[in-house]
$ cat upload_4.cif   # mmCIF, C-alpha atoms and all ligand atoms
data_final
loop_
_atom_site.label_atom_id
_atom_site.label_comp_id
_atom_site.auth_asym_id
_atom_site.auth_seq_id
_atom_site.Cartn_x
_atom_site.Cartn_y
_atom_site.Cartn_z
CA MET A 1 8.05 12.47 -6.80
CA ASN A 2 7.73 11.44 -3.16
CA ARG A 3 4.72 10.55 -1.01
CA SER A 4 3.72 14.12 -0.25
CA ALA A 5 3.76 15.01 -3.97
CA ILE A 6 1.42 12.08 -4.66
CA LEU A 7 -0.91 13.17 -1.85
CA ARG A 8 -1.01 16.68 -3.29
CA ASP A 9 -1.87 15.25 -6.74
CA ILE A 10 -4.62 12.94 -5.54
CA ALA A 11 -6.21 15.33 -3.00
CA PRO A 12 -8.86 16.60 -5.47
CA VAL A 13 -9.71 13.02 -6.51
CA ILE A 14 -10.18 11.65 -2.98
CA ARG A 15 -11.65 14.63 -1.14
CA ASP A 16 -15.30 13.58 -1.57
CA HIS A 17 -14.67 9.93 -0.72
CA LEU A 18 -14.13 8.06 2.53
CA VAL A 19 -10.39 7.80 3.14
CA VAL A 20 -8.54 5.75 5.75
CA CYS A 21 -4.95 6.98 5.90
CA ASN A 22 -1.77 5.26 7.06
CA ILE A 23 -0.02 6.13 10.35
CA GLY A 24 2.64 8.79 10.70
CA LEU A 25 3.73 11.21 8.03
CA PRO A 26 1.14 10.08 5.41
CA SER A 27 -1.72 11.09 7.74
CA GLN A 28 0.08 14.25 8.85
CA GLU A 29 0.69 15.27 5.24
CA LEU A 30 -2.88 14.55 4.12
CA HIS A 31 -4.17 16.44 7.16
CA MET A 32 -2.02 19.43 6.22
CA ILE A 33 -2.78 19.30 2.48
CA ASP A 34 -6.56 18.81 2.63
CA ASP A 35 -8.17 17.94 5.97
CA GLN A 36 -11.67 16.57 5.40
CA PRO A 37 -14.31 15.06 7.71
CA THR A 38 -14.23 12.08 5.33
CA ASN A 39 -10.62 11.37 6.35
CA PHE A 40 -9.85 8.85 9.10
CA TYR A 41 -6.29 9.32 10.31
CA MET A 42 -4.36 6.46 11.90
CA LEU A 43 -2.52 7.99 14.83
CA GLY A 44 -0.86 5.01 16.43
CA THR A 45 -1.46 1.56 14.95
CA MET A 46 0.90 0.51 12.15
CA GLY A 47 -0.48 -1.81 9.47
CA LEU A 48 -4.23 -1.64 9.92
CA ALA A 49 -5.34 1.08 7.47
CA SER A 50 -6.10 -1.53 4.80
CA SER A 51 -8.06 -3.69 7.27
CA ILE A 52 -10.09 -0.78 8.64
CA GLY A 53 -10.81 0.31 5.07
CA LEU A 54 -11.98 -3.17 4.09
CA GLY A 55 -14.24 -3.50 7.15
CA LEU A 56 -15.71 -0.11 6.32
CA ALA A 57 -16.27 -0.97 2.65
CA LEU A 58 -17.95 -4.27 3.54
CA SER A 59 -20.32 -2.53 5.97
CA GLN A 60 -21.76 0.35 3.96
CA PRO A 61 -22.18 1.29 0.27
CA LYS A 62 -19.95 4.38 -0.17
CA GLN A 63 -16.61 4.10 -1.93
CA VAL A 64 -13.64 3.73 0.40
CA ILE A 65 -9.99 4.51 -0.35
CA ALA A 66 -7.40 3.10 2.03
CA ILE A 67 -4.08 4.88 1.64
CA ASP A 68 -1.37 2.59 2.95
CA GLY A 69 2.41 2.36 2.83
CA ASP A 70 4.72 -0.43 1.72
CA GLY A 71 6.10 -0.88 5.23
CA SER A 72 2.64 -1.06 6.76
CA VAL A 73 1.39 -3.58 4.21
CA LEU A 74 4.48 -5.70 4.85
CA THR A 75 3.79 -5.67 8.60
CA ASN A 76 0.19 -6.82 8.01
CA LEU A 77 0.75 -8.96 4.93
CA GLY A 78 -2.19 -11.15 5.96
CA THR A 79 -4.47 -8.32 4.86
CA LEU A 80 -4.01 -9.11 1.15
CA PRO A 81 -5.57 -12.61 1.22
CA THR A 82 -8.44 -11.24 3.32
CA ILE A 83 -9.02 -8.48 0.77
CA ALA A 84 -8.81 -10.90 -2.15
CA ASN A 85 -11.32 -13.30 -0.65
CA ASN A 86 -13.86 -10.73 0.59
CA VAL A 87 -14.47 -8.70 -2.54
CA ALA A 88 -15.91 -5.22 -1.95
CA ASP A 89 -16.29 -3.37 -5.21
CA ASN A 90 -16.48 -0.08 -3.28
CA TYR A 91 -12.93 -0.60 -1.99
CA ILE A 92 -9.65 0.74 -3.33
CA LEU A 93 -6.34 0.03 -1.65
CA LEU A 94 -3.69 2.55 -2.66
CA ILE A 95 -0.24 1.44 -1.54
CA ILE A 96 2.21 4.34 -1.72
CA ASP A 97 5.39 2.35 -2.20
CA ASN A 98 8.38 4.56 -1.47
CA GLY A 99 10.55 1.55 -0.66
CA SER A 100 11.08 2.75 2.88
CA TYR A 101 9.72 3.23 6.36
CA GLY A 102 9.35 6.92 5.69
CA SER A 103 7.97 8.10 9.01
CA THR A 104 10.84 6.66 10.97
CA GLY A 105 13.61 8.07 8.79
CA ASP A 106 13.43 6.20 5.49
CA GLN A 107 14.96 2.92 6.54
CA PRO A 108 14.67 0.62 3.48
CA THR A 109 11.84 -1.94 3.28
CA TYR A 110 12.01 -5.23 1.38
CA ALA A 111 9.46 -3.74 -1.06
CA GLY A 112 12.24 -1.46 -2.23
CA LYS A 113 14.48 -4.50 -2.76
CA LYS A 114 13.48 -7.88 -4.18
CA THR A 115 9.85 -8.02 -3.05
CA SER A 116 7.10 -6.80 -5.39
CA LEU A 117 3.89 -5.94 -3.53
CA THR A 118 2.13 -5.95 -6.90
CA ALA A 119 3.12 -9.58 -7.43
CA VAL A 120 2.28 -10.44 -3.82
CA ALA A 121 -1.20 -8.91 -4.15
CA ARG A 122 -1.80 -10.88 -7.36
CA ALA A 123 -0.54 -14.09 -5.80
CA CYS A 124 -2.90 -13.53 -2.87
CA GLY A 125 -5.81 -13.56 -5.31
CA CYS A 126 -6.54 -9.84 -5.75
CA GLU A 127 -8.10 -9.65 -9.20
CA THR A 128 -7.45 -6.05 -10.20
CA VAL A 129 -3.94 -4.92 -9.30
CA VAL A 130 -2.25 -2.05 -11.10
CA GLU A 131 1.26 -0.76 -10.60
CA VAL A 132 1.85 2.85 -11.62
CA ALA A 133 4.58 5.46 -11.59
CA ALA A 134 4.02 8.22 -9.03
CA LYS A 135 2.89 10.77 -11.62
CA ASP A 136 0.09 8.46 -12.85
CA THR A 137 -1.45 7.82 -9.42
CA ALA A 138 -4.28 10.38 -9.68
CA GLN A 139 -5.35 8.97 -13.06
CA ALA A 140 -5.20 5.38 -11.77
CA LEU A 141 -7.38 6.37 -8.80
CA THR A 142 -9.87 8.16 -11.05
CA ASP A 143 -10.09 5.06 -13.27
CA ALA A 144 -10.47 2.73 -10.31
CA LEU A 145 -13.28 4.85 -8.82
CA ALA A 146 -15.08 4.88 -12.16
CA SER A 147 -14.65 1.13 -12.69
CA LYS A 148 -16.55 0.30 -9.45
CA ARG A 149 -14.33 -2.74 -9.08
CA MET A 150 -12.19 -3.55 -6.09
CA THR A 151 -8.72 -2.36 -7.06
CA VAL A 152 -5.27 -2.48 -5.53
CA ILE A 153 -3.00 0.31 -6.81
CA VAL A 154 0.72 0.17 -6.11
CA ALA A 155 2.21 3.62 -6.72
CA LYS A 156 6.00 3.51 -6.94
CA CYS A 157 7.63 6.71 -5.72
CA ASP A 158 10.76 8.19 -4.25
CA SER A 159 11.40 8.15 -0.53
CA GLY A 160 11.82 11.41 1.34
CA ASN A 161 9.68 13.53 3.62
CA ILE A 162 8.66 17.14 4.04
CA LYS A 163 8.40 19.06 7.32
CA VAL A 164 4.89 18.66 8.65
CA PRO A 165 3.25 19.19 12.05
CA VAL A 166 1.80 16.31 14.08
CA ILE A 167 -1.98 15.92 14.26
CA THR A 168 -3.23 17.27 17.57
CA LYS A 169 -6.94 16.57 17.01
CA ASP A 170 -8.37 14.21 19.60
CA PRO A 171 -8.84 10.67 18.21
CA VAL A 172 -12.44 10.52 19.37
CA VAL A 173 -13.15 13.79 17.54
CA ILE A 174 -11.56 12.41 14.35
CA ARG A 175 -13.56 9.22 14.66
CA ASP A 176 -16.86 10.90 15.48
CA ARG A 177 -16.49 13.43 12.67
CA PHE A 178 -15.69 10.56 10.30
CA MET A 179 -18.69 8.48 11.39
CA THR A 180 -20.98 11.46 10.86
CA ALA A 181 -19.55 11.80 7.32
CA VAL A 182 -20.06 8.06 6.69
CA ARG A 183 -23.74 8.35 7.64
CA SER A 184 -24.45 11.61 5.79
CA MET B 1 -30.49 -25.19 20.92
CA SER B 2 -26.77 -25.90 21.28
CA ILE B 3 -24.64 -23.50 23.32
CA SER B 4 -23.05 -22.21 20.10
CA GLU B 5 -26.47 -21.52 18.56
CA GLN B 6 -27.56 -19.82 21.78
CA ILE B 7 -24.49 -17.55 21.68
CA VAL B 8 -25.06 -16.64 18.04
CA SER B 9 -28.74 -15.91 18.66
CA ASP B 10 -27.65 -13.46 21.41
CA LEU B 11 -25.28 -11.81 18.91
CA VAL B 12 -28.04 -11.38 16.35
CA ALA B 13 -30.49 -10.14 18.99
CA ASN B 14 -27.93 -7.42 19.77
CA ASP B 15 -27.58 -6.45 16.08
CA ILE B 16 -24.08 -7.85 15.75
CA ALA B 17 -23.75 -8.20 11.99
CA PHE B 18 -19.98 -8.46 11.36
CA VAL B 19 -17.90 -11.19 12.96
CA THR B 20 -14.24 -11.92 12.39
CA THR B 21 -12.63 -15.11 13.63
CA VAL B 22 -9.31 -16.86 14.06
CA PRO B 23 -9.98 -20.48 14.97
CA CYS B 24 -9.42 -22.40 18.19
CA LYS B 25 -10.49 -26.01 18.63
CA GLN B 26 -12.90 -24.92 21.39
CA LEU B 27 -14.48 -22.30 19.12
CA GLY B 28 -15.23 -24.59 16.16
CA GLY B 29 -18.94 -24.87 16.94
CA VAL B 30 -19.49 -21.16 17.40
CA ILE B 31 -17.53 -20.32 14.23
CA ASP B 32 -19.71 -22.77 12.26
CA ALA B 33 -22.84 -21.17 13.72
CA VAL B 34 -21.56 -17.68 12.82
CA GLU B 35 -20.80 -18.80 9.26
CA ALA B 36 -24.23 -20.40 8.92
CA HIS B 37 -26.26 -17.40 10.13
CA PRO B 38 -27.73 -15.33 7.28
CA ASP B 39 -27.75 -12.07 9.32
CA ILE B 40 -24.02 -12.16 10.08
CA MET B 41 -21.21 -11.27 7.68
CA HIS B 42 -18.34 -13.59 8.62
CA VAL B 43 -14.88 -12.40 7.56
CA PRO B 44 -12.15 -14.75 8.78
CA ALA B 45 -8.90 -12.93 9.63
CA ASN B 46 -5.34 -14.18 9.34
CA LYS B 47 -4.23 -12.54 12.57
CA GLU B 48 -6.23 -11.09 15.42
CA ASP B 49 -4.88 -7.54 15.17
CA GLU B 50 -5.95 -7.55 11.52
CA GLY B 51 -9.37 -8.75 12.72
CA MET B 52 -9.60 -5.84 15.15
CA GLY B 53 -8.86 -3.46 12.27
CA LEU B 54 -11.70 -5.04 10.26
CA CYS B 55 -14.00 -4.64 13.28
CA ALA B 56 -13.07 -0.96 13.68
CA GLY B 57 -13.97 -0.32 10.05
CA ALA B 58 -17.19 -2.30 10.28
CA TRP B 59 -18.31 -0.37 13.34
CA MET B 60 -17.58 3.00 11.73
CA GLY B 61 -19.53 1.74 8.72
CA GLY B 62 -22.60 1.03 10.84
CA LYS B 63 -22.32 -2.71 11.50
CA ARG B 64 -21.82 -3.88 15.08
CA PRO B 65 -18.75 -6.12 15.16
CA MET B 66 -17.36 -8.98 17.25
CA ILE B 67 -14.08 -10.87 17.25
CA VAL B 68 -13.83 -14.57 18.12
CA MET B 69 -10.31 -15.67 19.09
CA GLN B 70 -8.10 -17.65 21.45
CA ASN B 71 -6.65 -16.13 24.65
CA THR B 72 -3.15 -16.49 23.20
CA ALA B 73 -4.19 -13.64 20.88
CA ILE B 74 -4.15 -11.21 23.81
CA GLY B 75 -0.39 -11.35 23.31
CA VAL B 76 -0.82 -10.50 19.65
CA THR B 77 -3.24 -7.62 20.03
CA ILE B 78 -2.20 -5.44 23.00
CA ASN B 79 -0.92 -2.61 20.81
CA THR B 80 -4.07 -2.63 18.67
CA LEU B 81 -6.41 -2.79 21.67
CA VAL B 82 -4.69 0.22 23.20
CA THR B 83 -3.86 2.43 20.19
CA LEU B 84 -6.92 1.68 18.05
CA THR B 85 -9.88 0.27 19.99
CA GLN B 86 -9.35 2.18 23.25
CA PHE B 87 -7.68 5.32 21.87
CA TYR B 88 -10.58 5.99 19.47
CA ARG B 89 -13.18 4.64 21.97
CA MET B 90 -14.65 1.84 19.93
CA PRO B 91 -16.81 -1.01 21.21
CA LEU B 92 -15.48 -4.52 20.64
CA PRO B 93 -16.91 -7.64 22.23
CA MET B 94 -14.26 -10.37 22.22
CA LEU B 95 -15.43 -13.97 22.57
CA ILE B 96 -12.25 -15.69 23.71
CA SER B 97 -11.48 -19.35 24.27
CA TYR B 98 -9.66 -19.53 27.60
CA ARG B 99 -7.14 -22.26 26.83
CA GLY B 100 -4.75 -23.57 29.46
CA GLU B 101 -7.38 -23.90 32.20
CA LEU B 102 -8.69 -27.11 33.87
CA LYS B 103 -9.07 -30.03 31.40
CA GLU B 104 -6.40 -28.56 29.09
CA PRO B 105 -4.43 -31.32 27.35
CA VAL B 106 -1.70 -29.09 25.81
CA ALA B 107 0.94 -27.93 28.31
CA CYS B 108 2.00 -24.87 26.34
CA GLN B 109 -1.50 -23.36 26.61
CA ALA B 110 -1.07 -22.99 30.37
CA GLU B 111 1.74 -20.52 29.74
CA MET B 112 -0.56 -17.83 28.29
CA ALA B 113 -3.45 -18.84 30.57
CA VAL B 114 -1.53 -17.62 33.62
CA HIS B 115 -1.07 -14.19 32.02
CA THR B 116 -4.50 -13.80 30.47
CA LYS B 117 -6.46 -12.16 33.30
CA ALA B 118 -3.46 -10.13 34.47
CA LEU B 119 -2.99 -8.64 31.00
CA LEU B 120 -6.68 -7.86 30.61
CA ALA B 121 -6.72 -6.24 34.06
CA GLN B 122 -3.61 -4.19 33.23
CA LEU B 123 -5.39 -2.97 30.07
CA ASN B 124 -8.53 -2.02 32.06
CA ILE B 125 -10.58 -4.33 29.85
CA PRO B 126 -13.85 -5.45 31.49
CA THR B 127 -13.56 -9.23 31.70
CA TYR B 128 -16.17 -11.94 32.19
CA HIS B 129 -15.37 -15.62 32.67
CA PHE B 130 -17.81 -18.31 31.54
CA HIS B 131 -17.12 -21.55 33.44
CA LYS B 132 -20.56 -23.16 33.50
CA GLN B 133 -23.05 -23.08 30.65
CA ALA B 134 -25.51 -21.06 32.75
CA ASP B 135 -22.90 -18.27 32.84
CA ALA B 136 -23.76 -17.61 29.18
CA ASP B 137 -27.14 -16.28 30.36
CA GLU B 138 -25.26 -13.03 30.96
CA LEU B 139 -24.01 -12.71 27.38
CA ASP B 140 -26.95 -10.54 26.33
CA ALA B 141 -26.24 -8.07 29.18
CA ILE B 142 -22.50 -8.11 28.44
CA LEU B 143 -23.11 -7.21 24.78
CA LYS B 144 -25.45 -4.37 25.76
CA TYR B 145 -22.83 -3.13 28.22
CA THR B 146 -20.11 -3.22 25.53
CA PHE B 147 -22.05 -1.06 23.08
CA MET B 148 -23.17 1.24 25.90
CA CYS B 149 -19.63 2.08 27.04
CA ASN B 150 -17.67 1.81 23.74
CA LYS B 151 -14.91 -0.37 25.14
CA PRO B 152 -13.28 -3.66 24.22
CA VAL B 153 -14.78 -6.30 26.54
CA ALA B 154 -13.43 -9.82 27.05
CA ILE B 155 -15.59 -12.91 27.47
CA LEU B 156 -13.34 -15.79 28.48
CA THR B 157 -14.82 -19.23 27.86
CA ASP B 158 -12.94 -22.16 29.38
CA ALA B 159 -12.90 -25.89 28.60
CA THR B 160 -15.41 -26.70 31.34
CA PHE B 161 -17.84 -24.22 29.78
CA TRP B 162 -17.50 -25.89 26.38
CA GLY B 163 -18.07 -29.30 27.96
CA GLY B 164 -14.43 -30.27 28.30
CA CYS B 165 -12.03 -31.08 25.46
C1 LIG C 201 4.20 -1.82 15.93
C2 LIG C 201 4.92 -0.61 15.41
N1 LIG C 201 6.22 -0.71 15.04
C3 LIG C 201 6.86 0.37 14.56
C4 LIG C 201 6.23 1.57 14.46
C5 LIG C 201 6.96 2.80 13.95
N2 LIG C 201 6.52 3.22 12.65
C6 LIG C 201 5.59 4.20 12.48
S1 LIG C 201 5.29 4.58 10.90
C7 LIG C 201 6.43 3.47 10.37
C8 LIG C 201 6.79 3.36 8.92
C9 LIG C 201 5.65 3.01 8.04
O1 LIG C 201 6.16 2.90 6.73
P1 LIG C 201 5.20 2.92 5.48
O2 LIG C 201 3.94 2.22 5.81
O3 LIG C 201 5.96 2.42 4.30
O4 LIG C 201 4.82 4.45 5.31
P2 LIG C 201 5.71 5.67 4.76
O5 LIG C 201 5.95 6.55 5.95
O6 LIG C 201 6.94 5.14 4.14
O7 LIG C 201 4.82 6.34 3.76
C10 LIG C 201 7.02 2.78 11.44
C11 LIG C 201 8.05 1.74 11.31
C12 LIG C 201 4.88 1.64 14.88
N3 LIG C 201 4.14 2.76 14.82
N4 LIG C 201 4.26 0.53 15.35
MG MG C 202 6.98 3.44 2.84
#
$ encode --input "upload_4.cif" --output "structure tokens"
Amino acid sequence: MNRSAILRDIAPVIRDHLVVCNIGLPSQELHMIDDQPTNFYMLGTMGLASSIGLGLALSQPKQVIAIDGDGSVLTNLGTLPTIANNVADNYILLIIDNGSYGSTGDQPTYAGKKTSLTAVARACGCETVVEVAAKDTAQALTDALASKRMTVIVAKCDSGNIKVPVITKDPVVIRDRFMTAVRS
Amino acid sequence: MSISEQIVSDLVANDIAFVTTVPCKQLGGVIDAVEAHPDIMHVPANKEDEGMGLCAGAWMGGKRPMIVMQNTAIGVTINTLVTLTQFYRMPLPMLISYRGELKEPVACQAEMAVHTKALLAQLNIPTYHFHKQADADELDAILKYTFMCNKPVAILTDATFWGGC
């Protein structure tokens, strides 16, 4: 199972929640699979989906799911201590760990080699960290939503991409639509 | 009221409720005042681009944000300012210590000081420079302007403003 198969599996679980989605193919795939006003797509900044998601969770009561990638978490590794030390029980960080920089052609990341993001998240002080196989991601998300505890999920999956169009929606439209959904 | 308390009271008067910080020696007093204020959620960041991500989320969640950082962080955050804050049209007041100006004891700070205003101008970021303490009288208007126009706005505060150090 690759990233797009996970996104297809979890789409029914996340569709009614606030979602902040990683740059590149993850956002393009989610947009194609199940575009929702509750989705905030990163169009250009690598690494900040988890930070935007945390800021959002700390600022309002609805549950927030940040969908990030292994490469993006590695580029903003400082996010994990910030998450650990500013607990928001309405926050779930889902790291889709395909061991590669998928959007740029599946160059390997260190998360696919010796580095365990699960162990890093625990060492940073995150209290609830679960590592799952790709096929168990939807169940892990369902459990995390029900637990109402801040959870980091590391979903291990295959690399590989599908053909998907770029997002042509204007960023201000995406953002305004999202803010309306946050307030509703 | 100390200058730091005056600044924080302007933040609160403008409904700023989420502040992220990366320390600078000159900003110690204002960071303490932010931390102490019951109406402000203070979330220290490890890097300033991370902080700008937190601020983007906070603003979309309904809390007005601010980042407190050193001018050297302009070099860290250009991509985020352009592709997140400006691209999605988000307001972000940035209270910035302007290191490397008159009274600076550390030579290396002058290296980013000479690029600071040029970079901000290149990015079309409205920029205000506090040199004397009376300049802070404009902070209230600058904050209102920032949330009126949905732009990142820089407030540079130099050593003379902070009383030299
Ligand atoms: C500062 C910066 N450097 C590089 C890139 C190019 N880039 C875009 S997406 C991406 C890969 C992200 O990988 P990951 O987060 O693991 O997501 P995946 O596509 O594998 O799901 C890279 C390197 C960028 N957008 N910004
Ligand atoms: Mg990846």
$ residues_near_ligand --input "upload_4.cif" --ligand "ligand MG 202 (chain C)" --cutoff "9 Å" --atoms "all atoms listed in the file" --output "number ranges by chain"
A: 3, 68-72, 95-103, 106-109, 111-112, 159
$ write_last_selection --input "upload_4.cif" --atoms "C-alpha atoms" --output "PDB file, in the coordinates of the input"
ATOM      1  CA  ARG A   3       4.720  10.550  -1.010  1.00  0.00           C
ATOM      2  CA  ASP A  68      -1.370   2.590   2.950  1.00  0.00           C
ATOM      3  CA  GLY A  69       2.410   2.360   2.830  1.00  0.00           C
ATOM      4  CA  ASP A  70       4.720  -0.430   1.720  1.00  0.00           C
ATOM      5  CA  GLY A  71       6.100  -0.880   5.230  1.00  0.00           C
ATOM      6  CA  SER A  72       2.640  -1.060   6.760  1.00  0.00           C
ATOM      7  CA  ILE A  95      -0.240   1.440  -1.540  1.00  0.00           C
ATOM      8  CA  ILE A  96       2.210   4.340  -1.720  1.00  0.00           C
ATOM      9  CA  ASP A  97       5.390   2.350  -2.200  1.00  0.00           C
ATOM     10  CA  ASN A  98       8.380   4.560  -1.470  1.00  0.00           C
ATOM     11  CA  GLY A  99      10.550   1.550  -0.660  1.00  0.00           C
ATOM     12  CA  SER A 100      11.080   2.750   2.880  1.00  0.00           C
ATOM     13  CA  TYR A 101       9.720   3.230   6.360  1.00  0.00           C
ATOM     14  CA  GLY A 102       9.350   6.920   5.690  1.00  0.00           C
ATOM     15  CA  SER A 103       7.970   8.100   9.010  1.00  0.00           C
ATOM     16  CA  ASP A 106      13.430   6.200   5.490  1.00  0.00           C
ATOM     17  CA  GLN A 107      14.960   2.920   6.540  1.00  0.00           C
ATOM     18  CA  PRO A 108      14.670   0.620   3.480  1.00  0.00           C
ATOM     19  CA  THR A 109      11.840  -1.940   3.280  1.00  0.00           C
ATOM     20  CA  ALA A 111       9.460  -3.740  -1.060  1.00  0.00           C
ATOM     21  CA  GLY A 112      12.240  -1.460  -2.230  1.00  0.00           C
ATOM     22  CA  SER A 159      11.400   8.150  -0.530  1.00  0.00           C
TER      23      SER A 159
END
$ interface_residues --input "upload_4.cif" --of "chain A" --to "chain B" --cutoff "8 Å" --atoms "all atoms listed in the file" --output "ChimeraX atom specification"
/A:43-45,48-49,51-60,76,78-79,82,86,171-172,175,178-179,182-183
$ atom_distance --input "upload_4.cif" --atom1 "atom CA of Ala73 of chain B" --atom2 "atom CA of Thr104 of chain A"
27.1 Å
$ closest_residue --input "upload_4.cif" --among "B:Val30, B:Ala121, B:Val76, B:Ala134" --to "Ala154 of chain B" --atoms "only C-alpha atoms"
B:Ala121
$ closest_residue --input "upload_4.cif" --among "B:Leu11, B:Ile78, B:Ile3, B:Leu92" --to "ligand LIG 201 (chain C)" --atoms "all atoms listed in the file"
B:Ile78
$ closest_residue --input "upload_4.cif" --among "A:Asp158, A:Asp16, A:Leu94, A:Lys113" --to "Thr137 of chain A" --atoms "only C-alpha atoms"
A:Leu94
$ closest_residue --input "upload_4.cif" --among "B:Pro105, B:Met66, B:Trp162, B:Thr77" --to "ligand LIG 201 (chain C)" --atoms "all atoms listed in the file"
B:Thr77
$ axis_aligned_box --input "upload_4.cif" --around "ligand LIG 201 (chain C)" --padding-each-side "3 Å" --output "lines of an AutoDock Vina configuration file"
center_x = 6.0
center_y = 2.4
center_z = 9.8
size_x = 10.1
size_y = 14.4
size_z = 18.2
$ atom_distance --input "upload_4.cif" --atom1 "atom CA of Val173 of chain A" --atom2 "atom CA of Phe40 of chain A"
10.3 Å
$ atom_distance --input "upload_4.cif" --atom1 "atom CA of Pro61 of chain A" --atom2 "atom CA of Asp140 of chain B"
29.0 Å
$ closest_residue --input "upload_4.cif" --among "B:Ala110, B:Ile155, B:Cys149, B:Leu143" --to "His129 of chain B" --atoms "all atoms listed in the file"
B:Ile155
$ build_atoms --input "upload_4.cif" --residues "segment 151-165 of chain B" --atoms "N, CA, C and O atoms" --output "PDB file, keeping the file's coordinate frame"
ATOM      1  N   LYS B 151     -16.201   0.172  24.721  1.00  0.00           N
ATOM      2  CA  LYS B 151     -14.910  -0.370  25.140  1.00  0.00           C
ATOM      3  C   LYS B 151     -14.733  -1.773  24.569  1.00  0.00           C
ATOM      4  O   LYS B 151     -15.721  -2.447  24.282  1.00  0.00           O
ATOM      5  N   PRO B 152     -13.491  -2.221  24.443  1.00  0.00           N
ATOM      6  CA  PRO B 152     -13.280  -3.660  24.220  1.00  0.00           C
ATOM      7  C   PRO B 152     -13.650  -4.388  25.513  1.00  0.00           C
ATOM      8  O   PRO B 152     -13.329  -3.911  26.601  1.00  0.00           O
ATOM      9  N   VAL B 153     -14.351  -5.495  25.380  1.00  0.00           N
ATOM     10  CA  VAL B 153     -14.780  -6.300  26.540  1.00  0.00           C
ATOM     11  C   VAL B 153     -14.458  -7.761  26.248  1.00  0.00           C
ATOM     12  O   VAL B 153     -14.719  -8.254  25.155  1.00  0.00           O
ATOM     13  N   ALA B 154     -13.858  -8.426  27.235  1.00  0.00           N
ATOM     14  CA  ALA B 154     -13.430  -9.820  27.050  1.00  0.00           C
ATOM     15  C   ALA B 154     -14.422 -10.777  27.685  1.00  0.00           C
ATOM     16  O   ALA B 154     -14.845 -10.586  28.820  1.00  0.00           O
ATOM     17  N   ILE B 155     -14.776 -11.819  26.939  1.00  0.00           N
ATOM     18  CA  ILE B 155     -15.590 -12.910  27.470  1.00  0.00           C
ATOM     19  C   ILE B 155     -14.747 -14.170  27.344  1.00  0.00           C
ATOM     20  O   ILE B 155     -14.546 -14.693  26.244  1.00  0.00           O
ATOM     21  N   LEU B 156     -14.206 -14.605  28.477  1.00  0.00           N
ATOM     22  CA  LEU B 156     -13.340 -15.790  28.480  1.00  0.00           C
ATOM     23  C   LEU B 156     -14.210 -17.025  28.666  1.00  0.00           C
ATOM     24  O   LEU B 156     -15.047 -17.078  29.570  1.00  0.00           O
ATOM     25  N   THR B 157     -14.014 -18.006  27.805  1.00  0.00           N
ATOM     26  CA  THR B 157     -14.820 -19.230  27.860  1.00  0.00           C
ATOM     27  C   THR B 157     -13.871 -20.424  27.992  1.00  0.00           C
ATOM     28  O   THR B 157     -13.075 -20.693  27.093  1.00  0.00           O
ATOM     29  N   ASP B 158     -13.936 -21.104  29.134  1.00  0.00           N
ATOM     30  CA  ASP B 158     -12.940 -22.160  29.380  1.00  0.00           C
ATOM     31  C   ASP B 158     -13.435 -23.534  28.930  1.00  0.00           C
ATOM     32  O   ASP B 158     -14.564 -23.687  28.450  1.00  0.00           O
ATOM     33  N   ALA B 159     -12.586 -24.547  29.091  1.00  0.00           N
ATOM     34  CA  ALA B 159     -12.900 -25.890  28.600  1.00  0.00           C
ATOM     35  C   ALA B 159     -14.115 -26.480  29.308  1.00  0.00           C
ATOM     36  O   ALA B 159     -14.921 -27.193  28.706  1.00  0.00           O
ATOM     37  N   THR B 160     -14.256 -26.187  30.599  1.00  0.00           N
ATOM     38  CA  THR B 160     -15.410 -26.700  31.340  1.00  0.00           C
ATOM     39  C   THR B 160     -16.698 -26.124  30.762  1.00  0.00           C
ATOM     40  O   THR B 160     -17.700 -26.831  30.602  1.00  0.00           O
ATOM     41  N   PHE B 161     -16.672 -24.852  30.402  1.00  0.00           N
ATOM     42  CA  PHE B 161     -17.840 -24.220  29.780  1.00  0.00           C
ATOM     43  C   PHE B 161     -18.207 -24.936  28.488  1.00  0.00           C
ATOM     44  O   PHE B 161     -19.381 -25.202  28.226  1.00  0.00           O
ATOM     45  N   TRP B 162     -17.219 -25.250  27.679  1.00  0.00           N
ATOM     46  CA  TRP B 162     -17.500 -25.890  26.380  1.00  0.00           C
ATOM     47  C   TRP B 162     -17.750 -27.392  26.522  1.00  0.00           C
ATOM     48  O   TRP B 162     -17.913 -28.078  25.522  1.00  0.00           O
ATOM     49  N   GLY B 163     -17.761 -27.889  27.758  1.00  0.00           N
ATOM     50  CA  GLY B 163     -18.070 -29.300  27.960  1.00  0.00           C
ATOM     51  C   GLY B 163     -16.838 -30.166  27.988  1.00  0.00           C
ATOM     52  O   GLY B 163     -16.909 -31.396  27.818  1.00  0.00           O
ATOM     53  N   GLY B 164     -15.688 -29.534  28.193  1.00  0.00           N
ATOM     54  CA  GLY B 164     -14.430 -30.270  28.300  1.00  0.00           C
ATOM     55  C   GLY B 164     -13.942 -30.764  26.966  1.00  0.00           C
ATOM     56  O   GLY B 164     -14.722 -31.265  26.182  1.00  0.00           O
ATOM     57  N   CYS B 165     -12.668 -30.528  26.663  1.00  0.00           N
ATOM     58  CA  CYS B 165     -12.030 -31.080  25.460  1.00  0.00           C
ATOM     59  C   CYS B 165     -10.609 -30.583  25.404  1.00  0.00           C
ATOM     60  O   CYS B 165     -10.312 -29.522  25.910  1.00  0.00           O
TER      61      CYS B 165
END
